[in-house]
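Data from target.csv: CSV, N, CA and C atoms
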```
chain,number,residue,atom,x,y,z
C,1137,MET,N,20.8,7.7,30.1
C,1137,MET,CA,20.3,7.1,28.9
C,1137,MET,C,19.0,6.3,29.1
C,1138,GLN,N,18.9,5.6,30.3
C,1138,GLN,CA,17.7,4.8,30.6
C,1138,GLN,C,16.5,5.8,30.8
C,1139,ASN,N,16.7,6.9,31.4
C,1139,ASN,CA,15.6,7.9,31.5
C,1139,ASN,C,15.1,8.3,30.2
C,1140,GLU,N,16.0,8.6,29.2
C,1140,GLU,CA,15.6,9.0,27.9
C,1140,GLU,C,14.8,7.8,27.2
C,1141,GLU,N,15.3,6.6,27.4
C,1141,GLU,CA,14.6,5.5,26.8
C,1141,GLU,C,13.2,5.3,27.4
C,1142,ALA,N,13.1,5.4,28.7
C,1142,ALA,CA,11.8,5.3,29.4
C,1142,ALA,C,10.9,6.4,29.0
C,1143,GLY,N,11.4,7.6,28.8
C,1143,GLY,CA,10.6,8.7,28.4
C,1143,GLY,C,10.1,8.5,27.0
C,1144,PHE,N,11.0,8.0,26.1
C,1144,PHE,CA,10.6,7.7,24.7
C,1144,PHE,C,9.5,6.6,24.7
C,1145,LEU,N,9.6,5.6,25.5
C,1145,LEU,CA,8.6,4.5,25.5
C,1145,LEU,C,7.3,5.0,26.0
C,1146,ARG,N,7.3,5.9,27.1
C,1146,ARG,CA,6.1,6.4,27.6
C,1146,ARG,C,5.4,7.3,26.5
C,1147,SER,N,6.2,8.1,25.8
C,1147,SER,CA,5.7,8.9,24.7
C,1147,SER,C,5.1,8.1,23.6
C,1148,GLU,N,5.8,7.1,23.2
C,1148,GLU,CA,5.2,6.2,22.1
C,1148,GLU,C,4.0,5.5,22.6
C,1149,TRP,N,4.0,5.0,23.9
C,1149,TRP,CA,2.8,4.3,24.4
C,1149,TRP,C,1.6,5.3,24.4
C,1150,SER,N,1.9,6.5,24.8
C,1150,SER,CA,0.8,7.6,24.9
C,1150,SER,C,0.3,7.8,23.5
C,1151,LYS,N,1.1,7.9,22.5
C,1151,LYS,CA,0.7,8.1,21.1
C,1151,LYS,C,-0.2,6.9,20.6
C,1152,PHE,N,0.3,5.7,21.0
C,1152,PHE,CA,-0.5,4.5,20.6
C,1152,PHE,C,-1.8,4.5,21.3
C,1153,ALA,N,-1.9,4.8,22.5
C,1153,ALA,CA,-3.1,4.9,23.3
C,1153,ALA,C,-4.1,5.9,22.6
C,1154,ASP,N,-3.5,7.1,22.2
C,1154,ASP,CA,-4.4,8.1,21.6
C,1154,ASP,C,-4.9,7.5,20.3
C,1155,ARG,N,-4.1,6.9,19.5
C,1155,ARG,CA,-4.6,6.3,18.2
C,1155,ARG,C,-5.7,5.3,18.4
C,1156,CYS,N,-5.5,4.4,19.5
C,1156,CYS,CA,-6.5,3.4,19.8
C,1156,CYS,C,-7.8,4.1,20.2
C,1157,ARG,N,-7.7,5.2,21.0
C,1157,ARG,CA,-8.9,5.9,21.4
C,1157,ARG,C,-9.6,6.5,20.3
C,1158,TRP,N,-8.9,7.2,19.4
C,1158,TRP,CA,-9.5,7.8,18.2
C,1158,TRP,C,-10.1,6.8,17.3
C,1159,SER,N,-9.5,5.7,17.1
C,1159,SER,CA,-10.1,4.6,16.3
C,1159,SER,C,-11.4,4.1,16.9
C,1160,TRP,N,-11.4,3.9,18.2
C,1160,TRP,CA,-12.6,3.5,18.8
C,1160,TRP,C,-13.7,4.5,18.7
C,1161,GLU,N,-13.4,5.8,18.9
C,1161,GLU,CA,-14.4,6.9,18.7
C,1161,GLU,C,-14.9,6.9,17.3
C,1162,GLY,N,-14.0,6.6,16.3
C,1162,GLY,CA,-14.5,6.6,14.9
C,1162,GLY,C,-15.4,5.4,14.7
C,1163,TRP,N,-15.1,4.2,15.2
C,1163,TRP,CA,-15.9,3.1,15.1
C,1163,TRP,C,-17.3,3.3,15.7
C,1164,LEU,N,-17.3,4.0,16.9
C,1164,LEU,CA,-18.6,4.3,17.5
C,1164,LEU,C,-19.5,5.2,16.7
C,1165,ILE,N,-18.8,6.2,16.0
C,1165,ILE,CA,-19.6,7.1,15.1
C,1165,ILE,C,-20.2,6.3,14.0
C,1166,VAL,N,-19.4,5.4,13.4
C,1166,VAL,CA,-19.9,4.6,12.3
C,1166,VAL,C,-21.0,3.7,12.8
C,1167,TRP,N,-20.8,3.1,13.9
C,1167,TRP,CA,-21.8,2.1,14.5
C,1167,TRP,C,-23.1,2.8,14.8
C,1168,ARG,N,-23.1,4.0,15.3
C,1168,ARG,CA,-24.3,4.8,15.7
C,1168,ARG,C,-25.0,5.3,14.5
C,1169,GLU,N,-24.3,5.8,13.5
C,1169,GLU,CA,-24.9,6.6,12.4
C,1169,GLU,C,-25.1,5.8,11.1
C,1170,GLU,N,-24.5,4.7,10.9
C,1170,GLU,CA,-24.6,3.9,9.7
C,1170,GLU,C,-25.3,2.6,9.9
C,1171,SER,N,-26.6,2.5,9.5
C,1171,SER,CA,-27.3,1.2,9.7
C,1171,SER,C,-26.7,0.1,8.9
C,1172,SER,N,-26.0,0.4,7.8
C,1172,SER,CA,-25.4,-0.6,6.9
C,1172,SER,C,-24.3,-1.3,7.7
C,1173,VAL,N,-23.6,-0.6,8.6
C,1173,VAL,CA,-22.5,-1.2,9.3
C,1173,VAL,C,-23.1,-2.3,10.2
C,1174,LYS,N,-24.2,-2.0,10.9
C,1174,LYS,CA,-24.9,-3.1,11.7
C,1174,LYS,C,-25.3,-4.3,10.9
C,1175,GLN,N,-25.8,-4.0,9.7
C,1175,GLN,CA,-26.1,-5.1,8.8
C,1175,GLN,C,-24.9,-6.0,8.4
C,1176,TRP,N,-23.8,-5.3,8.1
C,1176,TRP,CA,-22.6,-6.0,7.8
C,1176,TRP,C,-22.0,-6.7,9.0
C,1177,VAL,N,-22.1,-6.2,10.2
C,1177,VAL,CA,-21.6,-6.9,11.3
C,1177,VAL,C,-22.4,-8.2,11.5
C,1178,PHE,N,-23.8,-8.1,11.3
C,1178,PHE,CA,-24.6,-9.3,11.4
C,1178,PHE,C,-24.2,-10.3,10.4
C,1179,ALA,N,-24.0,-9.8,9.1
C,1179,ALA,CA,-23.6,-10.7,8.0
C,1179,ALA,C,-22.3,-11.4,8.4
C,1180,ASN,N,-21.4,-10.6,9.0
C,1180,ASN,CA,-20.0,-11.1,9.3
C,1180,ASN,C,-20.1,-12.2,10.4
C,1181,ILE,N,-21.0,-12.0,11.4
C,1181,ILE,CA,-21.2,-13.0,12.4
C,1181,ILE,C,-21.7,-14.3,11.8
C,1182,ILE,N,-22.7,-14.2,10.9
C,1182,ILE,CA,-23.2,-15.4,10.2
C,1182,ILE,C,-22.1,-16.0,9.4
C,1183,SER,N,-21.4,-15.2,8.6
C,1183,SER,CA,-20.4,-15.7,7.7
C,1183,SER,C,-19.2,-16.4,8.6
C,1184,ALA,N,-18.8,-15.8,9.6
C,1184,ALA,CA,-17.7,-16.3,10.5
C,1184,ALA,C,-18.2,-17.6,11.1
C,1185,GLY,N,-19.5,-17.6,11.5
C,1185,GLY,CA,-20.1,-18.8,12.1
C,1185,GLY,C,-20.0,-20.0,11.2
C,1186,PHE,N,-20.4,-19.8,9.9
C,1186,PHE,CA,-20.3,-20.8,8.9
C,1186,PHE,C,-18.8,-21.2,8.7
C,1187,ALA,N,-18.0,-20.2,8.6
C,1187,ALA,CA,-16.5,-20.5,8.3
C,1187,ALA,C,-15.9,-21.3,9.4
C,1188,LEU,N,-16.4,-21.1,10.6
C,1188,LEU,CA,-15.8,-21.8,11.8
C,1188,LEU,C,-16.4,-23.2,12.0
C,1189,THR,N,-17.6,-23.4,11.4
C,1189,THR,CA,-18.3,-24.7,11.6
C,1189,THR,C,-18.1,-25.7,10.4
C,1190,LEU,N,-18.0,-25.1,9.2
C,1190,LEU,CA,-17.9,-26.0,8.0
C,1190,LEU,C,-16.4,-26.5,8.0
C,1191,ASP,N,-16.3,-27.6,7.2
C,1191,ASP,CA,-15.0,-28.2,7.1
C,1191,ASP,C,-14.1,-27.4,6.1
C,1192,LEU,N,-13.6,-26.3,6.6
C,1192,LEU,CA,-12.7,-25.5,5.8
C,1192,LEU,C,-11.3,-25.5,6.4
C,1193,SER,N,-10.3,-25.2,5.5
C,1193,SER,CA,-9.0,-25.1,6.0
C,1193,SER,C,-8.8,-23.8,6.8
C,1194,PRO,N,-7.7,-23.8,7.6
C,1194,PRO,CA,-7.5,-22.5,8.3
C,1194,PRO,C,-7.3,-21.3,7.4
C,1195,VAL,N,-6.7,-21.5,6.3
C,1195,VAL,CA,-6.5,-20.4,5.3
C,1195,VAL,C,-7.8,-20.0,4.8
C,1196,GLU,N,-8.7,-20.9,4.4
C,1196,GLU,CA,-10.0,-20.5,3.9
C,1196,GLU,C,-10.8,-19.8,5.0
C,1197,ARG,N,-10.7,-20.2,6.2
C,1197,ARG,CA,-11.4,-19.5,7.3
C,1197,ARG,C,-10.9,-18.1,7.5
C,1198,ALA,N,-9.5,-18.0,7.5
C,1198,ALA,CA,-8.9,-16.7,7.6
C,1198,ALA,C,-9.3,-15.7,6.5
C,1199,LEU,N,-9.3,-16.3,5.3
C,1199,LEU,CA,-9.7,-15.4,4.1
C,1199,LEU,C,-11.2,-14.9,4.3
C,1200,ILE,N,-12.1,-15.8,4.6
C,1200,ILE,CA,-13.5,-15.4,4.8
C,1200,ILE,C,-13.6,-14.3,5.9
C,1201,ILE,N,-13.0,-14.6,7.0
C,1201,ILE,CA,-13.1,-13.6,8.1
C,1201,ILE,C,-12.4,-12.3,7.8
C,1202,ALA,N,-11.2,-12.4,7.2
C,1202,ALA,CA,-10.5,-11.1,6.8
C,1202,ALA,C,-11.3,-10.3,5.8
C,1203,LEU,N,-11.9,-11.0,4.8
C,1203,LEU,CA,-12.7,-10.2,3.8
C,1203,LEU,C,-13.9,-9.6,4.5
C,1204,GLY,N,-14.5,-10.2,5.5
C,1204,GLY,CA,-15.6,-9.6,6.2
C,1204,GLY,C,-15.2,-8.4,6.9
C,1205,VAL,N,-14.0,-8.4,7.6
C,1205,VAL,CA,-13.5,-7.3,8.3
C,1205,VAL,C,-13.2,-6.2,7.3
C,1206,LEU,N,-12.7,-6.5,6.1
C,1206,LEU,CA,-12.4,-5.5,5.1
C,1206,LEU,C,-13.6,-4.8,4.6
C,1207,ILE,N,-14.8,-5.5,4.6
C,1207,ILE,CA,-16.0,-4.8,4.3
C,1207,ILE,C,-16.3,-3.7,5.3
C,1208,LEU,N,-16.1,-4.0,6.6
C,1208,LEU,CA,-16.3,-3.0,7.6
C,1208,LEU,C,-15.4,-1.8,7.5
C,1209,ALA,N,-14.1,-2.1,7.1
C,1209,ALA,CA,-13.2,-1.0,6.9
C,1209,ALA,C,-13.6,-0.2,5.7
C,1210,ALA,N,-14.1,-0.8,4.7
C,1210,ALA,CA,-14.6,0.0,3.5
C,1210,ALA,C,-15.8,0.8,3.9
C,1211,GLU,N,-16.6,0.3,4.8
C,1211,GLU,CA,-17.8,1.1,5.3
C,1211,GLU,C,-17.3,2.3,6.1
C,1212,CYS,N,-16.2,2.2,6.9
C,1212,CYS,CA,-15.6,3.3,7.6
C,1212,CYS,C,-15.1,4.3,6.6
C,1213,PHE,N,-14.4,3.9,5.6
C,1213,PHE,CA,-13.9,4.9,4.6
C,1213,PHE,C,-15.0,5.6,3.9
C,1214,ASN,N,-16.0,4.8,3.6
C,1214,ASN,CA,-17.2,5.4,2.9
C,1214,ASN,C,-17.9,6.5,3.8
C,1215,THR,N,-18.0,6.2,5.1
C,1215,THR,CA,-18.6,7.1,6.0
C,1215,THR,C,-17.7,8.4,6.1
C,1216,ALA,N,-16.4,8.2,6.1
C,1216,ALA,CA,-15.5,9.3,6.2
C,1216,ALA,C,-15.6,10.2,4.9
C,1217,ILE,N,-15.7,9.6,3.8
C,1217,ILE,CA,-15.9,10.4,2.5
C,1217,ILE,C,-17.2,11.1,2.6
C,1218,GLU,N,-18.3,10.5,3.0
C,1218,GLU,CA,-19.6,11.1,3.1
C,1218,GLU,C,-19.6,12.3,4.1
C,1219,ARG,N,-18.9,12.2,5.2
C,1219,ARG,CA,-18.8,13.3,6.2
C,1219,ARG,C,-18.0,14.4,5.6
C,1220,CYS,N,-16.9,14.1,5.0
C,1220,CYS,CA,-16.1,15.2,4.4
C,1220,CYS,C,-16.9,16.0,3.3
C,1221,VAL,N,-17.6,15.2,2.5
C,1221,VAL,CA,-18.3,15.9,1.4
C,1221,VAL,C,-19.5,16.7,2.0
C,1222,ASP,N,-20.2,16.2,3.0
C,1222,ASP,CA,-21.3,16.9,3.6
C,1222,ASP,C,-20.7,18.2,4.4
C,1223,TYR,N,-19.6,18.1,5.0
C,1223,TYR,CA,-19.0,19.2,5.7
C,1223,TYR,C,-18.6,20.3,4.7
C,1224,THR,N,-18.0,19.9,3.5
C,1224,THR,CA,-17.6,20.9,2.6
C,1224,THR,C,-18.7,21.7,2.0
C,1225,SER,N,-19.9,21.0,1.7
C,1225,SER,CA,-21.0,21.7,1.2
C,1225,SER,C,-22.3,20.9,1.3
C,1226,PRO,N,-23.3,21.4,1.8
C,1226,PRO,CA,-24.6,20.7,1.8
C,1226,PRO,C,-25.3,20.7,0.5
C,1227,ALA,N,-24.8,21.5,-0.4
C,1227,ALA,CA,-25.5,21.6,-1.8
C,1227,ALA,C,-25.2,20.4,-2.6
C,1228,HIS,N,-26.1,20.0,-3.4
C,1228,HIS,CA,-25.9,18.9,-4.4
C,1228,HIS,C,-24.9,19.4,-5.5
C,1229,HIS,N,-24.0,18.5,-5.7
C,1229,HIS,CA,-23.0,18.8,-6.8
C,1229,HIS,C,-22.6,17.5,-7.4
C,1230,PRO,N,-22.4,17.5,-8.7
C,1230,PRO,CA,-22.0,16.2,-9.4
C,1230,PRO,C,-20.7,15.6,-8.8
C,1231,LEU,N,-19.7,16.4,-8.4
C,1231,LEU,CA,-18.5,15.9,-7.9
C,1231,LEU,C,-18.7,15.3,-6.5
C,1232,ALA,N,-19.6,15.9,-5.7
C,1232,ALA,CA,-19.9,15.3,-4.4
C,1232,ALA,C,-20.6,14.0,-4.5
C,1233,LYS,N,-21.6,13.9,-5.5
C,1233,LYS,CA,-22.3,12.7,-5.7
C,1233,LYS,C,-21.3,11.6,-6.2
C,1234,ALA,N,-20.4,12.0,-7.1
C,1234,ALA,CA,-19.4,11.0,-7.6
C,1234,ALA,C,-18.5,10.5,-6.4
C,1235,ALA,N,-18.1,11.4,-5.5
C,1235,ALA,CA,-17.3,10.9,-4.4
C,1235,ALA,C,-18.0,9.9,-3.5
C,1236,LYS,N,-19.3,10.3,-3.2
C,1236,LYS,CA,-20.1,9.4,-2.4
C,1236,LYS,C,-20.4,8.1,-3.1
C,1237,ASP,N,-20.6,8.1,-4.4
C,1237,ASP,CA,-20.9,6.9,-5.1
C,1237,ASP,C,-19.6,6.0,-5.2
C,1238,CYS,N,-18.5,6.6,-5.3
C,1238,CYS,CA,-17.2,5.8,-5.4
C,1238,CYS,C,-17.0,5.2,-4.0
C,1239,GLY,N,-17.3,5.9,-2.9
C,1239,GLY,CA,-17.1,5.2,-1.6
C,1239,GLY,C,-18.1,4.0,-1.5
C,1240,SER,N,-19.3,4.2,-2.0
C,1240,SER,CA,-20.3,3.1,-1.9
C,1240,SER,C,-19.8,2.0,-2.8
C,1241,ALA,N,-19.2,2.3,-3.9
C,1241,ALA,CA,-18.7,1.2,-4.8
C,1241,ALA,C,-17.6,0.4,-4.1
C,1242,ALA,N,-16.8,1.1,-3.4
C,1242,ALA,CA,-15.7,0.4,-2.7
C,1242,ALA,C,-16.3,-0.6,-1.7
C,1243,VAL,N,-17.3,-0.3,-1.0
C,1243,VAL,CA,-18.0,-1.2,-0.1
C,1243,VAL,C,-18.5,-2.4,-0.9
C,1244,ALA,N,-19.2,-2.1,-2.1
C,1244,ALA,CA,-19.8,-3.2,-2.9
C,1244,ALA,C,-18.7,-4.1,-3.4
C,1245,ILE,N,-17.6,-3.5,-3.8
C,1245,ILE,CA,-16.5,-4.4,-4.4
C,1245,ILE,C,-15.9,-5.3,-3.3
C,1246,THR,N,-15.7,-4.8,-2.1
C,1246,THR,CA,-15.2,-5.7,-1.1
C,1246,THR,C,-16.3,-6.8,-0.7
C,1247,ALA,N,-17.5,-6.4,-0.8
C,1247,ALA,CA,-18.6,-7.4,-0.5
C,1247,ALA,C,-18.6,-8.5,-1.6
C,1248,ILE,N,-18.4,-8.0,-2.9
C,1248,ILE,CA,-18.4,-9.0,-4.0
C,1248,ILE,C,-17.2,-9.9,-3.8
C,1249,ALA,N,-16.0,-9.4,-3.4
C,1249,ALA,CA,-14.9,-10.2,-3.2
C,1249,ALA,C,-15.1,-11.3,-2.1
C,1250,ALA,N,-15.8,-10.9,-1.1
C,1250,ALA,CA,-16.1,-11.8,0.0
C,1250,ALA,C,-17.1,-12.9,-0.6
C,1251,GLY,N,-18.1,-12.5,-1.3
C,1251,GLY,CA,-19.0,-13.4,-1.9
C,1251,GLY,C,-18.3,-14.4,-2.9
C,1252,LEU,N,-17.5,-13.9,-3.7
C,1252,LEU,CA,-16.7,-14.7,-4.6
C,1252,LEU,C,-15.8,-15.7,-3.9
C,1253,ALA,N,-15.2,-15.2,-2.8
C,1253,ALA,CA,-14.4,-16.2,-2.0
C,1253,ALA,C,-15.2,-17.3,-1.5
C,1254,TRP,N,-16.4,-17.0,-1.0
C,1254,TRP,CA,-17.3,-18.0,-0.5
C,1254,TRP,C,-17.6,-19.0,-1.6
C,1255,LEU,N,-18.0,-18.5,-2.8
C,1255,LEU,CA,-18.4,-19.3,-3.9
C,1255,LEU,C,-17.2,-20.3,-4.3
C,1256,ILE,N,-16.1,-19.7,-4.4
C,1256,ILE,CA,-14.9,-20.5,-4.8
C,1256,ILE,C,-14.6,-21.5,-3.8
C,1257,ILE,N,-14.6,-21.2,-2.5
C,1257,ILE,CA,-14.3,-22.1,-1.5
C,1257,ILE,C,-15.3,-23.3,-1.4
C,1258,LEU,N,-16.6,-22.9,-1.6
C,1258,LEU,CA,-17.7,-23.9,-1.5
C,1258,LEU,C,-17.8,-24.8,-2.8
C,1259,PHE,N,-17.6,-24.2,-3.9
C,1259,PHE,CA,-17.9,-24.9,-5.2
C,1259,PHE,C,-16.7,-25.0,-6.1
C,1260,GLY,N,-15.5,-24.4,-5.7
C,1260,GLY,CA,-14.4,-24.3,-6.6
C,1260,GLY,C,-13.6,-25.5,-6.8
```

In structure tokens, write the structure found in this file.
Amino acid sequence: MQNEEAGFLRSEWSKFADRCRWSWEGWLIVWREESSVKQWVFANIISAGFALTLDLSPVERALIIALGVLILAAECFNTAIERCVDYTSPAHHPLAKAAKDCGSAAVAITAIAAGLAWLIILFG
């Protein structure tokens, strides 16, 4: 029974390690190919710096930092959508444009949420 459990744990650890590697590879693709991600990372560094130095509660700090990270996640989703659309067809099509625009809107909405959180925390 212990050998089965050890084998199961090794198998699960291997799957977890694969998922971590694939996630890292995805991040590297987004980092290399999307200049907007670099801009958002810079904005997040500034935002987190303010969140950590201003007199904010731990919950407010967590909210600001988490929303910044969600912007990066939205950028990753947007990049995935763009790559899938481009792979499917390089031709211009209204549905392809709509898919890409919706992905971009998701990034904008998360950024607006982060901005609103800052405004409410600072002036609310």

message: Report as a list of chain:residue names all protein, DNA and RNA residues lying within 10 Å of Ala1235 in chain C, evaluated on only C-alpha atoms, omitting residues in the same chain fewer than 6 positions from it.
response: C:Asn1214, C:Ile1217, C:Glu1218, C:Cys1220, C:Val1221, C:Ala1241

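Checking C:Ala1153, C:Asn1180, C:Glu1141, C:Gly1162 one by one against Cys1212 in chain C, counting all atoms listed in the file, you find the shortest gap at C:Gly1162.
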
- request: Find the residues near range 1188-1204 of chain C: any atom within 7 Å, counting all atoms listed in the file, skip ones fewer than 5 places away on the same chain, and give them as a PyMOL selection string.
  value: chain C and resi 1180+1183+1209+1246+1249-1250+1253-1254

query: What is the CA of Glu1211 in chain C-CA of Ile1248 in chain C distance in Å, reported with one decimal?
result: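 Computed distance, CA of Glu1211 in chain C to CA of Ile1248 in chain C, equals 13.7 Å.
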
message: (-19.0, 10.3, 12.9) in this file's frame - what residues fall within 7 Å of it? Use all atoms listed in the file and give the answer as an NGL selection string.
response: :C and (1161-1162 or 1164-1166 or 1169)

message: What does the structure give for the distance between CA of Lys1236 in chain C and atom C of Glu1170 in chain C, in Å to one decimal?
response: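 One can read the CA of Lys1236 in chain C to atom C of Glu1170 in chain C distance as 15.0 Å.
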
Can I get range 1149-1159 of chain C with all heavy atoms filled in, as a PDB file, in the coordinates of the input?
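And here's out_14.pdb as it stands now:
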```pdb
ATOM      1  N   TRP C1149       4.000   5.000  23.900  1.00  0.00           N
ATOM      2  CA  TRP C1149       2.800   4.300  24.400  1.00  0.00           C
ATOM      3  C   TRP C1149       1.600   5.300  24.400  1.00  0.00           C
ATOM      4  O   TRP C1149       0.488   4.945  24.101  1.00  0.00           O
ATOM      5  CB  TRP C1149       3.070   3.752  25.760  1.00  0.00           C
ATOM      6  CG  TRP C1149       1.838   3.115  26.323  1.00  0.00           C
ATOM      7  CD1 TRP C1149       1.070   3.573  27.345  1.00  0.00           C
ATOM      8  CD2 TRP C1149       1.202   1.920  25.868  1.00  0.00           C
ATOM      9  NE1 TRP C1149       0.003   2.741  27.559  1.00  0.00           N
ATOM     10  CE2 TRP C1149       0.057   1.715  26.653  1.00  0.00           C
ATOM     11  CE3 TRP C1149       1.480   1.007  24.851  1.00  0.00           C
ATOM     12  CZ2 TRP C1149      -0.800   0.630  26.469  1.00  0.00           C
ATOM     13  CZ3 TRP C1149       0.628  -0.079  24.681  1.00  0.00           C
ATOM     14  CH2 TRP C1149      -0.489  -0.245  25.486  1.00  0.00           C
ATOM     15  N   SER C1150       1.900   6.500  24.800  1.00  0.00           N
ATOM     16  CA  SER C1150       0.800   7.600  24.900  1.00  0.00           C
ATOM     17  C   SER C1150       0.300   7.800  23.500  1.00  0.00           C
ATOM     18  O   SER C1150      -0.961   7.928  23.294  1.00  0.00           O
ATOM     19  CB  SER C1150       1.387   8.840  25.458  1.00  0.00           C
ATOM     20  OG  SER C1150       0.413   9.852  25.448  1.00  0.00           O
ATOM     21  N   LYS C1151       1.100   7.900  22.500  1.00  0.00           N
ATOM     22  CA  LYS C1151       0.700   8.100  21.100  1.00  0.00           C
ATOM     23  C   LYS C1151      -0.200   6.900  20.600  1.00  0.00           C
ATOM     24  O   LYS C1151      -1.211   7.062  19.975  1.00  0.00           O
ATOM     25  CB  LYS C1151       1.857   8.269  20.140  1.00  0.00           C
ATOM     26  CG  LYS C1151       2.587   9.579  20.322  1.00  0.00           C
ATOM     27  CD  LYS C1151       3.803   9.623  19.417  1.00  0.00           C
ATOM     28  CE  LYS C1151       4.663  10.826  19.699  1.00  0.00           C
ATOM     29  NZ  LYS C1151       5.899  10.828  18.889  1.00  0.00           N
ATOM     30  N   PHE C1152       0.300   5.700  21.000  1.00  0.00           N
ATOM     31  CA  PHE C1152      -0.500   4.500  20.600  1.00  0.00           C
ATOM     32  C   PHE C1152      -1.800   4.500  21.300  1.00  0.00           C
ATOM     33  O   PHE C1152      -2.841   4.182  20.638  1.00  0.00           O
ATOM     34  CB  PHE C1152       0.335   3.242  20.978  1.00  0.00           C
ATOM     35  CG  PHE C1152      -0.410   1.969  20.724  1.00  0.00           C
ATOM     36  CD1 PHE C1152      -0.574   1.504  19.432  1.00  0.00           C
ATOM     37  CD2 PHE C1152      -0.942   1.243  21.779  1.00  0.00           C
ATOM     38  CE1 PHE C1152      -1.268   0.331  19.191  1.00  0.00           C
ATOM     39  CE2 PHE C1152      -1.646   0.074  21.543  1.00  0.00           C
ATOM     40  CZ  PHE C1152      -1.799  -0.390  20.249  1.00  0.00           C
ATOM     41  N   ALA C1153      -1.900   4.800  22.500  1.00  0.00           N
ATOM     42  CA  ALA C1153      -3.100   4.900  23.300  1.00  0.00           C
ATOM     43  C   ALA C1153      -4.100   5.900  22.600  1.00  0.00           C
ATOM     44  O   ALA C1153      -5.284   5.665  22.521  1.00  0.00           O
ATOM     45  CB  ALA C1153      -2.888   5.204  24.753  1.00  0.00           C
ATOM     46  N   ASP C1154      -3.500   7.100  22.200  1.00  0.00           N
ATOM     47  CA  ASP C1154      -4.400   8.100  21.600  1.00  0.00           C
ATOM     48  C   ASP C1154      -4.900   7.500  20.300  1.00  0.00           C
ATOM     49  O   ASP C1154      -6.136   7.685  19.981  1.00  0.00           O
ATOM     50  CB  ASP C1154      -3.551   9.328  21.243  1.00  0.00           C
ATOM     51  CG  ASP C1154      -3.270  10.191  22.456  1.00  0.00           C
ATOM     52  OD1 ASP C1154      -3.954  10.016  23.493  1.00  0.00           O
ATOM     53  OD2 ASP C1154      -2.358  11.039  22.371  1.00  0.00           O
ATOM     54  N   ARG C1155      -4.100   6.900  19.500  1.00  0.00           N
ATOM     55  CA  ARG C1155      -4.600   6.300  18.200  1.00  0.00           C
ATOM     56  C   ARG C1155      -5.700   5.300  18.400  1.00  0.00           C
ATOM     57  O   ARG C1155      -6.670   5.211  17.695  1.00  0.00           O
ATOM     58  CB  ARG C1155      -3.430   5.703  17.401  1.00  0.00           C
ATOM     59  CG  ARG C1155      -2.524   6.771  16.797  1.00  0.00           C
ATOM     60  CD  ARG C1155      -1.514   6.172  15.828  1.00  0.00           C
ATOM     61  NE  ARG C1155      -0.510   5.346  16.483  1.00  0.00           N
ATOM     62  CZ  ARG C1155       0.623   5.798  16.983  1.00  0.00           C
ATOM     63  NH1 ARG C1155       0.912   7.083  16.923  1.00  0.00           N
ATOM     64  NH2 ARG C1155       1.483   4.974  17.539  1.00  0.00           N
ATOM     65  N   CYS C1156      -5.500   4.400  19.500  1.00  0.00           N
ATOM     66  CA  CYS C1156      -6.500   3.400  19.800  1.00  0.00           C
ATOM     67  C   CYS C1156      -7.800   4.100  20.200  1.00  0.00           C
ATOM     68  O   CYS C1156      -8.925   3.728  19.747  1.00  0.00           O
ATOM     69  CB  CYS C1156      -6.065   2.536  20.916  1.00  0.00           C
ATOM     70  SG  CYS C1156      -4.752   1.391  20.433  1.00  0.00           S
ATOM     71  N   ARG C1157      -7.700   5.200  21.000  1.00  0.00           N
ATOM     72  CA  ARG C1157      -8.900   5.900  21.400  1.00  0.00           C
ATOM     73  C   ARG C1157      -9.600   6.500  20.300  1.00  0.00           C
ATOM     74  O   ARG C1157     -10.858   6.437  20.103  1.00  0.00           O
ATOM     75  CB  ARG C1157      -8.575   6.948  22.493  1.00  0.00           C
ATOM     76  CG  ARG C1157      -9.807   7.616  23.115  1.00  0.00           C
ATOM     77  CD  ARG C1157      -9.462   8.680  24.154  1.00  0.00           C
ATOM     78  NE  ARG C1157      -9.010   9.892  23.499  1.00  0.00           N
ATOM     79  CZ  ARG C1157      -7.781  10.372  23.482  1.00  0.00           C
ATOM     80  NH1 ARG C1157      -6.820   9.745  24.115  1.00  0.00           N
ATOM     81  NH2 ARG C1157      -7.469  11.479  22.842  1.00  0.00           N
ATOM     82  N   TRP C1158      -8.900   7.200  19.400  1.00  0.00           N
ATOM     83  CA  TRP C1158      -9.500   7.800  18.200  1.00  0.00           C
ATOM     84  C   TRP C1158     -10.100   6.800  17.300  1.00  0.00           C
ATOM     85  O   TRP C1158     -11.192   7.061  16.693  1.00  0.00           O
ATOM     86  CB  TRP C1158      -8.450   8.664  17.446  1.00  0.00           C
ATOM     87  CG  TRP C1158      -7.876   9.783  18.264  1.00  0.00           C
ATOM     88  CD1 TRP C1158      -8.518  10.526  19.232  1.00  0.00           C
ATOM     89  CD2 TRP C1158      -6.543  10.287  18.204  1.00  0.00           C
ATOM     90  NE1 TRP C1158      -7.658  11.462  19.763  1.00  0.00           N
ATOM     91  CE2 TRP C1158      -6.432  11.335  19.143  1.00  0.00           C
ATOM     92  CE3 TRP C1158      -5.428   9.954  17.438  1.00  0.00           C
ATOM     93  CZ2 TRP C1158      -5.262  12.044  19.343  1.00  0.00           C
ATOM     94  CZ3 TRP C1158      -4.259  10.670  17.639  1.00  0.00           C
ATOM     95  CH2 TRP C1158      -4.184  11.706  18.576  1.00  0.00           C
ATOM     96  N   SER C1159      -9.500   5.700  17.100  1.00  0.00           N
ATOM     97  CA  SER C1159     -10.100   4.600  16.300  1.00  0.00           C
ATOM     98  C   SER C1159     -11.400   4.100  16.900  1.00  0.00           C
ATOM     99  O   SER C1159     -12.352   3.906  16.144  1.00  0.00           O
ATOM    100  CB  SER C1159      -9.080   3.447  16.126  1.00  0.00           C
ATOM    101  OG  SER C1159      -7.924   3.859  15.445  1.00  0.00           O
TER     102      SER C1159
END
```
